[in-house]
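K.L.:
Quick one: this structure, given as structure tokens, is what I'll be asking you about.
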Amino acid sequence: MILDPSADDRLDRAFMALADPVRRRIIARLSRGPATVNELAEPFAITKQAVSKHIHTLEQAGLVTRTRDAQRRPVHLDASQLEALTAWIDRYRLIHEQQYRSLDALLASGRDSSVAASVADNPAGTDPKESS
């Protein structure tokens, strides 16, 4: 299997960017549509300069882009990068779900075996404790 070091680097930058709660809230806001820095800064008790730095971090991670619309510079969510993160997470989630299904099947077969053994040991269906 050939590993792409640049893909790992992109994943690292994206997950590091998403580690901050302010940046996660910015991503959540941008999921509803583009916004300016001023609009993104409104709900936070931090400076617009701090919000700009958070946006820059998100840009470096490839999670957002900026465009120019006359005097406005709206920030847009890059959904394709989020989809790449989701695909990476889903790959491992599916592996673990399969392992849990296998474990459930194994436990169920063990339970079925113990019930069958119990019936074989006591074919009359009486409780062995009652006969003592």
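By convention here, the chains of the structure tokens are called A, B, ... in the order presented, each chain's residues are numbered starting at 1, and ligands are numbered starting at 1 in the order presented.
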So which bits of segment 26-112 of chain A end up strand (DSSP E or B) when you DSSP the backbone, as a list in words?
P.N.:
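Filtering segment 26-112 of chain A down to strand (DSSP E or B) leaves Ala35, Val64, Thr65, Arg66, Asp69, Arg72, Val75, His76 and Leu77 of chain A.
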K.L.:
The selected residues should be written to file as a PDB file, in the first residue's frame (atoms: N, CA and C atoms).
P.N.:
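Contents of part36.pdb, freshly written:
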ATOM      1  N   ALA A  35     -19.918  33.840   5.040  1.00  0.00           N
ATOM      2  CA  ALA A  35     -20.030  34.962   5.974  1.00  0.00           C
ATOM      3  C   ALA A  35     -18.745  35.771   5.943  1.00  0.00           C
ATOM      4  N   VAL A  64     -11.601  26.153   4.710  1.00  0.00           N
ATOM      5  CA  VAL A  64     -12.348  27.316   4.225  1.00  0.00           C
ATOM      6  C   VAL A  64     -11.552  28.028   3.145  1.00  0.00           C
ATOM      7  N   THR A  65     -12.270  28.824   2.369  1.00  0.00           N
ATOM      8  CA  THR A  65     -11.643  29.677   1.359  1.00  0.00           C
ATOM      9  C   THR A  65     -12.252  31.067   1.485  1.00  0.00           C
ATOM     10  N   ARG A  66     -11.544  32.050   0.943  1.00  0.00           N
ATOM     11  CA  ARG A  66     -12.062  33.422   0.905  1.00  0.00           C
ATOM     12  C   ARG A  66     -12.164  33.846  -0.546  1.00  0.00           C
ATOM     13  N   ASP A  69     -15.869  39.866  -3.209  1.00  0.00           N
ATOM     14  CA  ASP A  69     -17.144  40.267  -3.800  1.00  0.00           C
ATOM     15  C   ASP A  69     -17.260  41.767  -3.570  1.00  0.00           C
ATOM     16  N   ARG A  72     -16.594  43.212  -0.113  1.00  0.00           N
ATOM     17  CA  ARG A  72     -16.723  42.099   0.838  1.00  0.00           C
ATOM     18  C   ARG A  72     -15.715  41.002   0.518  1.00  0.00           C
ATOM     19  N   VAL A  75     -16.105  34.365   3.570  1.00  0.00           N
ATOM     20  CA  VAL A  75     -15.422  33.112   3.866  1.00  0.00           C
ATOM     21  C   VAL A  75     -16.401  32.000   3.530  1.00  0.00           C
ATOM     22  N   HIS A  76     -15.912  30.985   2.841  1.00  0.00           N
ATOM     23  CA  HIS A  76     -16.753  29.857   2.419  1.00  0.00           C
ATOM     24  C   HIS A  76     -16.196  28.560   2.996  1.00  0.00           C
ATOM     25  N   LEU A  77     -17.094  27.678   3.359  1.00  0.00           N
ATOM     26  CA  LEU A  77     -16.713  26.345   3.808  1.00  0.00           C
ATOM     27  C   LEU A  77     -16.321  25.509   2.597  1.00  0.00           C
TER      28      LEU A  77
END
K.L.:
Give me, as a ChimeraX atom specification, all polymer residues having an atom no more than 12 Å from Glu59 of chain A, counting only C-alpha atoms and skipping those fewer than 6 positions away in the same chain.
P.N.:
/A:10,13-14,17-18,23,26-27,52-53,65-67,75-78,81
K.L.:
Restricting the calculation to only C-alpha atoms, which member of A:Ala19, A:Asp12, A:Asp104, A:Ala79 is positioned closest to Ser31 of chain A?
P.N.:
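Going through A:Ala19, A:Asp12, A:Asp104, A:Ala79 one by one, the smallest distance to Ser31 of chain A is for A:Ala79.
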K.L.:
DSSP on the backbone, alpha helix (DSSP H) only: what residues of segment 41-116 of chain A does that give? Format it as an mmCIF file with C-alpha atoms, in the first residue's frame.
P.N.:
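What landed in result-v3.cif:
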data_model
loop_
_atom_site.group_PDB
_atom_site.id
_atom_site.type_symbol
_atom_site.label_atom_id
_atom_site.label_comp_id
_atom_site.auth_asym_id
_atom_site.auth_seq_id
_atom_site.Cartn_x
_atom_site.Cartn_y
_atom_site.Cartn_z
ATOM 1 C CA ALA A 41 -16.898 37.517 14.927
ATOM 2 C CA LYS A 48 -11.901 40.517 14.894
ATOM 3 C CA GLN A 49 -8.147 40.103 14.553
ATOM 4 C CA ALA A 50 -8.342 36.885 16.618
ATOM 5 C CA VAL A 51 -11.219 35.635 14.437
ATOM 6 C CA SER A 52 -9.113 36.449 11.361
ATOM 7 C CA LYS A 53 -6.291 34.330 12.772
ATOM 8 C CA HIS A 54 -8.706 31.454 13.343
ATOM 9 C CA ILE A 55 -9.935 31.807 9.757
ATOM 10 C CA HIS A 56 -6.342 31.819 8.531
ATOM 11 C CA THR A 57 -5.718 28.547 10.409
ATOM 12 C CA LEU A 58 -8.844 27.059 8.808
ATOM 13 C CA GLU A 59 -7.617 28.264 5.390
ATOM 14 C CA GLN A 60 -4.205 26.650 5.937
ATOM 15 C CA ALA A 79 -17.192 20.889 1.936
ATOM 16 C CA SER A 80 -14.916 18.586 -0.061
ATOM 17 C CA GLN A 81 -12.227 18.762 2.631
ATOM 18 C CA LEU A 82 -14.797 17.948 5.319
ATOM 19 C CA GLU A 83 -15.954 15.019 3.195
ATOM 20 C CA ALA A 84 -12.362 13.774 3.029
ATOM 21 C CA LEU A 85 -12.162 13.894 6.837
ATOM 22 C CA THR A 86 -15.477 12.084 7.132
ATOM 23 C CA ALA A 87 -14.327 9.410 4.689
ATOM 24 C CA TRP A 88 -11.149 8.865 6.704
ATOM 25 C CA ILE A 89 -13.142 8.535 9.944
ATOM 26 C CA ASP A 90 -15.759 6.283 8.313
ATOM 27 C CA ARG A 91 -13.113 3.865 7.091
ATOM 28 C CA TYR A 92 -12.059 3.119 10.663
ATOM 29 C CA ARG A 93 -15.602 3.271 12.022
ATOM 30 C CA LEU A 94 -16.678 0.569 9.564
ATOM 31 C CA ILE A 95 -13.739 -1.647 10.518
ATOM 32 C CA HIS A 96 -14.630 -1.383 14.200
ATOM 33 C CA GLU A 97 -18.338 -1.927 13.571
ATOM 34 C CA GLN A 98 -17.497 -5.163 11.746
ATOM 35 C CA GLN A 99 -15.346 -6.257 14.675
ATOM 36 C CA TYR A 100 -18.215 -5.548 17.091
ATOM 37 C CA ARG A 101 -20.654 -7.501 14.876
ATOM 38 C CA SER A 102 -18.229 -10.439 14.896
ATOM 39 C CA LEU A 103 -17.933 -10.220 18.678
ATOM 40 C CA ASP A 104 -21.742 -10.062 19.023
ATOM 41 C CA ALA A 105 -22.078 -13.167 16.826
ATOM 42 C CA LEU A 106 -19.451 -14.993 18.870
ATOM 43 C CA LEU A 107 -21.143 -14.076 22.147
ATOM 44 C CA ALA A 108 -24.546 -15.064 20.768
ATOM 45 C CA SER A 109 -23.237 -18.441 19.625
ATOM 46 C CA GLY A 110 -21.695 -18.974 23.073
ATOM 47 C CA ARG A 111 -25.011 -18.098 24.687
ATOM 48 C CA ASP A 112 -26.849 -20.504 22.344
ATOM 49 C CA SER A 113 -24.349 -23.241 23.199
ATOM 50 C CA SER A 114 -24.803 -22.730 26.949
ATOM 51 C CA VAL A 115 -28.614 -22.813 26.587
ATOM 52 C CA ALA A 116 -28.384 -26.002 24.507
#
K.L.:
Would you work out the distance separating atom CA of Pro74 of chain A from atom CA of Thr36 of chain A, expressed in Å to one decimal?
P.N.:
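About the pair atom CA of Pro74 of chain A and atom CA of Thr36 of chain A: they are 4.5 Å apart.
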